[in-house]
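The next block is coords-v6.pdb, given as PDB, C-alpha atoms.
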ATOM      1  CA  MET L   1      30.640 -52.542 -57.025
ATOM      2  CA  THR L   2      29.450 -55.756 -58.639
ATOM      3  CA  THR L   3      27.653 -58.501 -56.757
ATOM      4  CA  GLU L   4      30.624 -60.779 -57.447
ATOM      5  CA  GLN L   5      32.978 -58.302 -55.749
ATOM      6  CA  LEU L   6      30.680 -58.125 -52.737
ATOM      7  CA  VAL L   7      30.576 -61.915 -52.454
ATOM      8  CA  GLU L   8      34.372 -62.048 -52.735
ATOM      9  CA  GLN L   9      34.722 -59.593 -49.859
ATOM     10  CA  ILE L  10      32.270 -61.563 -47.697
ATOM     11  CA  LYS L  11      34.233 -64.755 -48.217
ATOM     12  CA  HIS L  12      37.566 -63.031 -47.623
ATOM     13  CA  LYS L  13      36.508 -61.374 -44.356
ATOM     14  CA  LYS L  14      34.307 -64.268 -43.241
ATOM     15  CA  SER L  15      31.731 -61.617 -42.483
ATOM     16  CA  PHE L  16      28.488 -60.208 -43.785
ATOM     17  CA  LEU L  17      28.340 -57.409 -41.237
ATOM     18  CA  THR L  18      26.917 -54.041 -42.150
ATOM     19  CA  VAL L  19      27.453 -51.176 -39.715
ATOM     20  CA  GLY L  20      24.847 -48.431 -39.664
ATOM     21  CA  LEU L  21      26.394 -44.984 -39.339
ATOM     22  CA  ASP L  22      23.409 -43.263 -37.715
ATOM     23  CA  VAL L  23      25.104 -40.351 -35.992
ATOM     24  CA  ASP L  24      23.307 -38.433 -33.254
ATOM     25  CA  LEU L  25      25.311 -35.535 -31.824
ATOM     26  CA  ASN L  26      23.589 -36.115 -28.484
ATOM     27  CA  LYS L  27      25.100 -39.603 -28.267
ATOM     28  CA  ILE L  28      28.629 -39.278 -29.581
ATOM     29  CA  PRO L  29      31.560 -38.745 -27.187
ATOM     30  CA  LYS L  30      31.636 -35.188 -25.866
ATOM     31  CA  HIS L  31      35.280 -34.579 -26.746
ATOM     32  CA  LEU L  32      34.417 -34.837 -30.453
ATOM     33  CA  LEU L  33      32.055 -31.867 -30.239
ATOM     34  CA  ALA L  34      35.064 -29.560 -30.060
ATOM     35  CA  THR L  35      36.312 -30.690 -33.495
ATOM     36  CA  GLU L  36      35.543 -28.903 -36.753
ATOM     37  CA  ASP L  37      33.329 -31.731 -38.030
ATOM     38  CA  PRO L  38      32.208 -34.001 -35.162
ATOM     39  CA  ILE L  39      30.045 -36.230 -37.360
ATOM     40  CA  PHE L  40      32.852 -36.978 -39.785
ATOM     41  CA  GLU L  41      35.426 -37.480 -37.042
ATOM     42  CA  PHE L  42      33.094 -39.954 -35.309
ATOM     43  CA  ASN L  43      32.434 -41.862 -38.542
ATOM     44  CA  LYS L  44      36.106 -41.905 -39.534
ATOM     45  CA  ALA L  45      37.106 -43.384 -36.186
ATOM     46  CA  ILE L  46      34.355 -46.034 -36.338
ATOM     47  CA  VAL L  47      35.261 -47.003 -39.909
ATOM     48  CA  ASP L  48      38.987 -47.170 -39.185
ATOM     49  CA  ALA L  49      38.303 -49.400 -36.183
ATOM     50  CA  THR L  50      35.834 -51.796 -37.827
ATOM     51  CA  HIS L  51      36.580 -52.004 -41.567
ATOM     52  CA  HIS L  52      38.553 -55.250 -41.218
ATOM     53  CA  VAL L  53      35.409 -57.141 -40.149
ATOM     54  CA  THR L  54      32.776 -55.058 -41.957
ATOM     55  CA  VAL L  55      31.654 -55.533 -45.561
ATOM     56  CA  ALA L  56      29.262 -52.564 -45.759
ATOM     57  CA  TYR L  57      28.488 -49.230 -44.135
ATOM     58  CA  LYS L  58      24.951 -47.875 -44.116
ATOM     59  CA  PRO L  59      24.416 -44.235 -43.178
ATOM     60  CA  ASN L  60      20.750 -43.394 -42.647
ATOM     61  CA  THR L  61      20.512 -40.060 -44.441
ATOM     62  CA  ALA L  62      17.957 -38.643 -41.997
ATOM     63  CA  PHE L  63      20.666 -38.443 -39.344
ATOM     64  CA  TYR L  64      22.605 -36.116 -41.656
ATOM     65  CA  GLU L  65      19.745 -34.150 -43.200
ATOM     66  CA  ALA L  66      18.664 -33.208 -39.676
ATOM     67  CA  TYR L  67      21.795 -31.031 -39.418
ATOM     68  CA  GLY L  68      21.158 -29.179 -42.669
ATOM     69  CA  ILE L  69      23.903 -28.465 -45.172
ATOM     70  CA  ASP L  70      26.615 -29.204 -42.599
ATOM     71  CA  GLY L  71      25.203 -32.688 -42.077
ATOM     72  CA  TRP L  72      25.076 -33.317 -45.811
ATOM     73  CA  LYS L  73      28.703 -32.221 -46.139
ATOM     74  CA  SER L  74      29.653 -34.609 -43.328
ATOM     75  CA  LEU L  75      27.903 -37.448 -45.136
ATOM     76  CA  LYS L  76      29.700 -36.678 -48.382
ATOM     77  CA  LYS L  77      33.068 -36.528 -46.597
ATOM     78  CA  THR L  78      32.288 -39.864 -44.919
ATOM     79  CA  ILE L  79      31.501 -41.646 -48.170
ATOM     80  CA  GLU L  80      34.494 -40.122 -49.934
ATOM     81  CA  TYR L  81      36.708 -41.318 -47.093
ATOM     82  CA  ILE L  82      35.341 -44.859 -47.266
ATOM     83  CA  ASN L  83      35.600 -44.979 -51.072
ATOM     84  CA  ASP L  84      39.152 -43.627 -51.081
ATOM     85  CA  THR L  85      40.531 -45.534 -48.085
ATOM     86  CA  TYR L  86      38.569 -48.798 -48.116
ATOM     87  CA  PRO L  87      37.261 -49.129 -51.701
ATOM     88  CA  GLU L  88      36.440 -52.811 -51.178
ATOM     89  CA  VAL L  89      33.672 -51.909 -48.708
ATOM     90  CA  PHE L  90      30.087 -51.717 -49.995
ATOM     91  CA  THR L  91      28.197 -48.490 -49.236
ATOM     92  CA  ILE L  92      24.460 -48.151 -48.693
ATOM     93  CA  ALA L  93      22.537 -44.881 -48.668
ATOM     94  CA  ASP L  94      19.637 -45.670 -46.369
ATOM     95  CA  ALA L  95      17.464 -42.950 -47.865
ATOM     96  CA  LYS L  96      14.181 -44.797 -48.554
ATOM     97  CA  ARG L  97      13.502 -42.729 -51.639
ATOM     98  CA  GLY L  98      10.841 -43.412 -54.247
ATOM     99  CA  ASP L  99       8.976 -41.131 -56.630
ATOM    100  CA  ILE L 100       7.926 -41.235 -60.260
ATOM    101  CA  GLY L 101       9.857 -40.560 -63.451
ATOM    102  CA  ASN L 102      12.377 -37.753 -63.507
ATOM    103  CA  THR L 103      12.221 -37.314 -59.740
ATOM    104  CA  SER L 104      13.526 -40.831 -59.154
ATOM    105  CA  THR L 105      16.168 -40.252 -61.814
ATOM    106  CA  MET L 106      17.381 -37.208 -59.890
ATOM    107  CA  TYR L 107      17.383 -39.121 -56.595
ATOM    108  CA  ALA L 108      19.431 -41.846 -58.274
ATOM    109  CA  LYS L 109      21.895 -39.332 -59.709
ATOM    110  CA  ALA L 110      22.279 -37.718 -56.282
ATOM    111  CA  PHE L 111      23.272 -40.940 -54.555
ATOM    112  CA  PHE L 112      24.966 -42.868 -57.359
ATOM    113  CA  GLU L 113      26.788 -40.083 -59.202
ATOM    114  CA  ASP L 114      27.283 -37.143 -56.846
ATOM    115  CA  MET L 115      27.697 -39.125 -53.605
ATOM    116  CA  ASN L 116      29.034 -42.286 -55.298
ATOM    117  CA  PHE L 117      27.203 -44.781 -53.081
ATOM    118  CA  ASP L 118      27.064 -48.385 -54.260
ATOM    119  CA  SER L 119      23.391 -48.722 -53.355
ATOM    120  CA  VAL L 120      20.320 -46.924 -52.061
ATOM    121  CA  THR L 121      17.170 -48.072 -50.272
ATOM    122  CA  VAL L 122      13.940 -47.401 -52.170
ATOM    123  CA  ALA L 123      10.242 -47.682 -51.293
ATOM    124  CA  PRO L 124       8.287 -49.771 -53.837
ATOM    125  CA  TYR L 125       4.722 -48.587 -53.440
ATOM    126  CA  MET L 126       4.620 -46.127 -56.359
ATOM    127  CA  GLY L 127       5.455 -48.994 -58.700
ATOM    128  CA  LYS L 128       7.980 -49.775 -61.377
ATOM    129  CA  ASP L 129       8.329 -46.287 -62.874
ATOM    130  CA  SER L 130       9.491 -45.097 -59.454
ATOM    131  CA  VAL L 131      12.134 -47.835 -59.169
ATOM    132  CA  GLU L 132      13.422 -48.525 -62.682
ATOM    133  CA  PRO L 133      15.345 -45.213 -62.880
ATOM    134  CA  PHE L 134      17.503 -46.449 -59.998
ATOM    135  CA  LEU L 135      17.980 -49.842 -61.657
ATOM    136  CA  SER L 136      19.395 -48.298 -64.842
ATOM    137  CA  PHE L 137      22.768 -47.472 -63.257
ATOM    138  CA  GLU L 138      25.503 -49.997 -64.037
ATOM    139  CA  ASP L 139      27.095 -51.784 -61.057
ATOM    140  CA  LYS L 140      24.791 -49.949 -58.660
ATOM    141  CA  HIS L 141      22.189 -51.671 -56.505
ATOM    142  CA  THR L 142      18.664 -50.750 -55.509
ATOM    143  CA  ILE L 143      17.565 -52.161 -52.165
ATOM    144  CA  LEU L 144      13.785 -52.440 -52.165
ATOM    145  CA  LEU L 145      11.805 -52.298 -48.928
ATOM    146  CA  ALA L 146      10.100 -55.690 -48.802
ATOM    147  CA  LEU L 147       9.297 -56.571 -45.187
ATOM    148  CA  THR L 148      10.583 -54.124 -42.615
ATOM    149  CA  SER L 149      11.436 -54.682 -38.950
ATOM    150  CA  ASN L 150       9.118 -52.092 -37.387
ATOM    151  CA  GLN L 151       5.783 -52.893 -35.735
ATOM    152  CA  GLY L 152       3.914 -50.833 -38.333
ATOM    153  CA  ALA L 153       4.985 -53.303 -41.014
ATOM    154  CA  PHE L 154       1.840 -55.251 -40.137
ATOM    155  CA  ASP L 155      -0.363 -52.300 -41.125
ATOM    156  CA  PHE L 156       0.106 -52.981 -44.844
ATOM    157  CA  GLN L 157       2.980 -55.278 -45.755
ATOM    158  CA  THR L 158       1.492 -58.502 -44.380
ATOM    159  CA  LYS L 159      -2.093 -57.868 -45.493
ATOM    160  CA  GLU L 160      -3.605 -60.049 -48.185
ATOM    161  CA  VAL L 161      -4.657 -58.493 -51.487
ATOM    162  CA  ASP L 162      -6.614 -60.815 -53.775
ATOM    163  CA  GLY L 163      -5.352 -63.755 -51.768
ATOM    164  CA  VAL L 164      -1.659 -62.775 -51.946
ATOM    165  CA  THR L 165       0.267 -61.222 -49.084
ATOM    166  CA  LEU L 166       1.322 -57.734 -50.136
ATOM    167  CA  TYR L 167       5.051 -58.085 -49.494
ATOM    168  CA  LYS L 168       5.046 -61.273 -51.593
ATOM    169  CA  ARG L 169       3.313 -59.381 -54.418
ATOM    170  CA  VAL L 170       6.017 -56.719 -54.195
ATOM    171  CA  LEU L 171       8.749 -59.362 -54.459
ATOM    172  CA  GLU L 172       7.097 -61.204 -57.359
ATOM    173  CA  THR L 173       6.299 -58.040 -59.309
ATOM    174  CA  SER L 174       9.737 -56.502 -58.837
ATOM    175  CA  LYS L 175      11.370 -59.466 -60.581
ATOM    176  CA  GLU L 176       9.619 -58.379 -63.800
ATOM    177  CA  TRP L 177      11.141 -54.893 -63.821
ATOM    178  CA  LYS L 178      13.927 -53.893 -66.190
ATOM    179  CA  ASN L 179      17.409 -54.595 -64.757
ATOM    180  CA  SER L 180      15.869 -56.417 -61.792
ATOM    181  CA  GLU L 181      19.173 -58.273 -61.380
ATOM    182  CA  ASN L 182      20.344 -55.069 -59.665
ATOM    183  CA  LEU L 183      17.746 -55.472 -56.911
ATOM    184  CA  MET L 184      18.362 -56.348 -53.305
ATOM    185  CA  TYR L 185      15.669 -56.383 -50.624
ATOM    186  CA  VAL L 186      15.207 -55.144 -47.071
ATOM    187  CA  VAL L 187      13.873 -57.821 -44.728
ATOM    188  CA  GLY L 188      13.865 -57.086 -41.004
ATOM    189  CA  ALA L 189      15.599 -59.475 -38.619
ATOM    190  CA  THR L 190      12.539 -59.354 -36.368
ATOM    191  CA  LYS L 191      10.646 -61.059 -39.230
ATOM    192  CA  ALA L 192      13.093 -63.982 -39.533
ATOM    193  CA  GLU L 193      10.288 -66.553 -39.659
ATOM    194  CA  TYR L 194       9.169 -65.051 -42.992
ATOM    195  CA  LEU L 195      12.541 -65.583 -44.649
ATOM    196  CA  GLY L 196      11.755 -69.110 -45.802
ATOM    197  CA  ASP L 197       8.836 -67.870 -47.903
ATOM    198  CA  ILE L 198      10.880 -64.914 -49.138
ATOM    199  CA  ARG L 199      13.652 -67.225 -50.323
ATOM    200  CA  LYS L 200      11.129 -69.189 -52.361
ATOM    201  CA  ILE L 201      10.457 -66.021 -54.357
ATOM    202  CA  VAL L 202      13.955 -64.488 -54.488
ATOM    203  CA  PRO L 203      16.249 -67.462 -53.847
ATOM    204  CA  ASN L 204      19.526 -65.781 -54.786
ATOM    205  CA  SER L 205      19.045 -62.062 -54.178
ATOM    206  CA  PHE L 206      20.929 -60.256 -51.456
ATOM    207  CA  LEU L 207      18.844 -59.329 -48.423
ATOM    208  CA  LEU L 208      19.696 -56.349 -46.236
ATOM    209  CA  VAL L 209      18.638 -57.359 -42.748
ATOM    210  CA  PRO L 210      18.330 -54.649 -40.081
ATOM    211  CA  GLY L 211      17.157 -55.308 -36.565
ATOM    212  CA  VAL L 212      19.902 -57.547 -35.164
ATOM    213  CA  GLY L 213      21.041 -56.321 -31.760
ATOM    214  CA  ALA L 214      19.179 -53.386 -30.242
ATOM    215  CA  GLN L 215      15.906 -54.321 -31.997
ATOM    216  CA  GLY L 216      16.073 -57.920 -30.806
ATOM    217  CA  GLY L 217      16.561 -59.833 -34.037
ATOM    218  CA  SER L 218      18.362 -63.194 -33.946
ATOM    219  CA  LEU L 219      21.395 -63.667 -36.188
ATOM    220  CA  SER L 220      21.134 -67.457 -36.050
ATOM    221  CA  GLU L 221      17.456 -67.396 -37.044
ATOM    222  CA  VAL L 222      18.142 -65.004 -39.922
ATOM    223  CA  CYS L 223      20.880 -67.282 -41.229
ATOM    224  CA  LYS L 224      18.842 -70.454 -40.708
ATOM    225  CA  TYR L 225      16.078 -69.237 -43.020
ATOM    226  CA  GLY L 226      17.791 -66.661 -45.224
ATOM    227  CA  MET L 227      21.363 -67.724 -46.031
ATOM    228  CA  THR L 228      22.260 -68.895 -49.530
ATOM    229  CA  ASN L 229      25.323 -70.833 -50.704
ATOM    230  CA  GLU L 230      26.995 -67.442 -51.268
ATOM    231  CA  VAL L 231      25.580 -66.047 -47.989
ATOM    232  CA  GLY L 232      23.223 -63.584 -49.705
ATOM    233  CA  LEU L 233      22.840 -61.528 -46.532
ATOM    234  CA  LEU L 234      23.974 -58.134 -45.296
ATOM    235  CA  VAL L 235      23.133 -58.067 -41.583
ATOM    236  CA  ASN L 236      23.103 -54.596 -40.074
ATOM    237  CA  SER L 237      23.929 -53.440 -36.581
ATOM    238  CA  SER L 238      23.895 -49.733 -35.799
ATOM    239  CA  ARG L 239      23.515 -48.692 -32.159
ATOM    240  CA  GLY L 240      24.988 -51.912 -30.795
ATOM    241  CA  VAL L 241      28.300 -51.176 -32.525
ATOM    242  CA  ILE L 242      28.720 -47.429 -32.866
ATOM    243  CA  TYR L 243      27.435 -46.561 -29.371
ATOM    244  CA  ALA L 244      29.141 -49.394 -27.515
ATOM    245  CA  SER L 245      30.861 -46.633 -25.522
ATOM    246  CA  ASN L 246      30.415 -42.875 -25.292
ATOM    247  CA  GLY L 247      33.882 -42.328 -23.869
ATOM    248  CA  GLU L 248      37.215 -41.701 -25.527
ATOM    249  CA  ASP L 249      37.480 -45.473 -26.104
ATOM    250  CA  PHE L 250      34.389 -45.433 -28.354
ATOM    251  CA  ALA L 251      36.226 -46.676 -31.452
ATOM    252  CA  GLN L 252      37.906 -49.551 -29.595
ATOM    253  CA  ALA L 253      34.564 -50.513 -28.055
ATOM    254  CA  ALA L 254      32.949 -50.481 -31.501
ATOM    255  CA  CYS L 255      35.729 -52.705 -32.778
ATOM    256  CA  ILE L 256      35.135 -55.228 -29.993
ATOM    257  CA  GLU L 257      31.390 -55.417 -30.718
ATOM    258  CA  ALA L 258      31.936 -55.673 -34.473
ATOM    259  CA  GLU L 259      34.482 -58.451 -33.981
ATOM    260  CA  LYS L 260      32.032 -60.358 -31.776
ATOM    261  CA  LEU L 261      29.428 -60.260 -34.556
ATOM    262  CA  GLN L 262      32.007 -61.190 -37.184
ATOM    263  CA  GLN L 263      33.093 -64.209 -35.142
ATOM    264  CA  GLN L 264      29.494 -65.408 -34.952
ATOM    265  CA  MET L 265      29.170 -64.929 -38.703
ATOM    266  CA  LYS L 266      32.441 -66.746 -39.351
ATOM    267  CA  ASP L 267      31.253 -69.699 -37.278
ATOM    268  CA  ILE L 268      27.945 -69.816 -39.164
ATOM    269  CA  MET L 269      29.712 -69.629 -42.541
ATOM    270  CA  THR L 270      32.173 -72.350 -41.519
ATOM    271  CA  ASP L 271      29.348 -74.625 -40.390
ATOM    272  CA  ALA L 272      27.623 -73.999 -43.729
ATOM    273  CA  GLY L 273      30.791 -74.824 -45.660
ATOM    274  CA  ILE L 274      31.152 -71.330 -47.107
TER     275      ILE L 274
END

File written out as structure tokens:
Amino acid sequence: MTTEQLVEQIKHKKSFLTVGLDVDLNKIPKHLLATEDPIFEFNKAIVDATHHVTVAYKPNTAFYEAYGIDGWKSLKKTIEYINDTYPEVFTIADAKRGDIGNTSTMYAKAFFEDMNFDSVTVAPYMGKDSVEPFLSFEDKHTILLALTSNQGAFDFQTKEVDGVTLYKRVLETSKEWKNSENLMYVVGATKAEYLGDIRKIVPNSFLLVPGVGAQGGSLSEVCKYGMTNEVGLLVNSSRGVIYASNGEDFAQAACIEAEKLQQQMKDIMTDAGI
């Protein structure tokens, strides 16, 4: 998917909502456990119920890898279903990969060719030769971890190195890499006050923003500091949407929560003249 197609979808749906498909078999409705593939059946129901207000789905691969080969098969079925049924929706493999040379090439092939995701999250700290293999794929996007929403982000990401905050050095340096126009960046919603400085460095890049909802991030604050004239944001909610209910009405409950977020986003976009 091209960036232009993503922007078109955002404007059409009046939404920049990303739903995280982080499936825990201990949390999904019990009646699904009797099905052949509970993970897929859960995801399918969530996607069917929320796709009209959602522009992206973001499975965290750890929640599938934890179940071995069966989990990986469920993930592949999920992405194939989204691509076949709702091809306009952007897909994000939240895999946080990153290694040098041929290893990164193989990671990229796994997610972009075999799984056919539109994007994948990547850690930047092994440098450009660990990221550029991902960037070489046409109409695919690499989402670089810039400033994450967890408390441990302060251990390294906000430290100064030679007078420059490390996450700012990551942003500045990444712009010099080959095919850097295919980069997006992860910036946690709990770090909304940093978005003004981030936009000075990457004024037009898309930002994937986790942490709204269960982690306490503020949608209005994220938009105040991070929105561009084409929105430029993918705001993620996982638990707040997919686990809105653990009963047989789970999909309807997810729809209600997703629509609430979409309405807030629509209001913000309308106020901004987008």

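Taking only C-alpha atoms into account, L:Asn26 lies nearest to L:Phe63 out of the set L:Val55, L:Phe63, L:Thr121, L:Leu6.
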
Exercise for the section: Tell me, as an MDAnalysis selection string, which residues lie within 10 Å of L:Leu21, counting all atoms listed in the file; anything in the same chain fewer than 3 positions away does not count. Expected result: chainID L and resid 18 24 39 42:43 46:47 57:61 63:64 75 78 94 237:239 241:242

Practice task
May I ask which of the residues L:Asp114, L:Glu181, L:Glu193, L:Glu8 is the closest one to L:Ser149, counting all atoms listed in the file?
Solution key: L:Glu193

Practice task
Counting all atoms listed in the file, find the residues whose atoms lie at most 12 Å from (11.7, -67.0, -53.0) (file coordinates) and write them out as number ranges by chain.
Solution key: L: 167-172, 175, 185, 194-207, 225-228

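Across the chains present, the PyMOL selection byres ((chain L and resi 247) around 9) applied to this file returns Ile28, Pro29, Lys30, His31, Ser245, Asn246, Glu248, Asp249 and Phe250 of chain L.
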
Exercise for the section: Go through the shown structure with the PyMOL selection byres ((chain L and resi 123) around 8) and write out the matching residues as a VMD selection string. Expected result: chain L and resid 96 to 98 121 to 122 124 to 126 144 to 145

Completion exercise
Restricting to only C-alpha atoms, whichever of L:Ser119, L:Ser74, L:Gln264, L:Thr2 is closest to L:Phe40 is L:Ser74

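Taken over the whole file, the PyMOL selection byres ((chain L and resi 14) around 10) covers exactly L:Glu8, L:Gln9, L:Ile10, L:Lys11, L:His12, L:Lys13, L:Ser15, L:Phe16, L:Leu17, L:Val53, L:Thr54, L:Val55, L:Gln262, L:Gln263, L:Gln264, L:Met265, L:Lys266, L:Asp267, L:Ile268, L:Met269, L:Thr270, L:Ile274.
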
Practice task
Just the residues within 6 Å of L:Thr91, please, counting all atoms listed in the file, with nothing from its chain fewer than 6 positions along; format it as a PyMOL selection string.
Solution key: chain L and resi 56-57+117-118

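Proximity to L:Val186 was assessed for L:Thr165, L:Thr142, L:Gln151, L:Ser136 counting all atoms listed in the file; the smallest distance is recorded for L:Thr142.
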
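Checking L:Lys191, L:Lys73, L:Lys178, L:Lys140 one by one against L:Phe90, counting all atoms listed in the file, you find the shortest gap at L:Lys140.
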
Exercise for the section: Just give me the gap between atom CA of L:Asp37 and atom CA of L:Asn236 in Å, one decimal is fine. Expected result: 25.1 Å

4 Å per side around stretch 231-236 of chain L: axis-aligned box centre and edge lengths, as lines of an AutoDock Vina configuration file:
center_x = 24.2
center_y = -60.3
center_z = -44.9
size_x = 10.7
size_y = 19.5
size_z = 17.6

Set the distance at 7 Å and use all atoms listed in the file: which residues neighbour L:Ser130 once local chain neighbours fewer than 5 positions away are removed? I'd like the list as a PDB file with C-alpha atoms, in the coordinates of the input.
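Output contents, as saved in around06.pdb:
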ATOM      1  CA  GLY L  98      10.841 -43.412 -54.247  1.00  0.00           C
ATOM      2  CA  ASP L  99       8.976 -41.131 -56.630  1.00  0.00           C
ATOM      3  CA  ILE L 100       7.926 -41.235 -60.260  1.00  0.00           C
ATOM      4  CA  GLY L 101       9.857 -40.560 -63.451  1.00  0.00           C
ATOM      5  CA  SER L 104      13.526 -40.831 -59.154  1.00  0.00           C
TER       6      SER L 104
END

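Shortest atom-to-atom contact with L:Thr148 among L:Val209, L:Ile82, L:Val19, L:Ile256: L:Val209, counting all atoms listed in the file.
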
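Atom pair atom CA of L:Leu183 / atom CA of L:Thr3: separated by 10.4 Å.
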
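What separates atom CA of L:Pro38 from atom CA of L:Asp84 is a distance of 19.9 Å.
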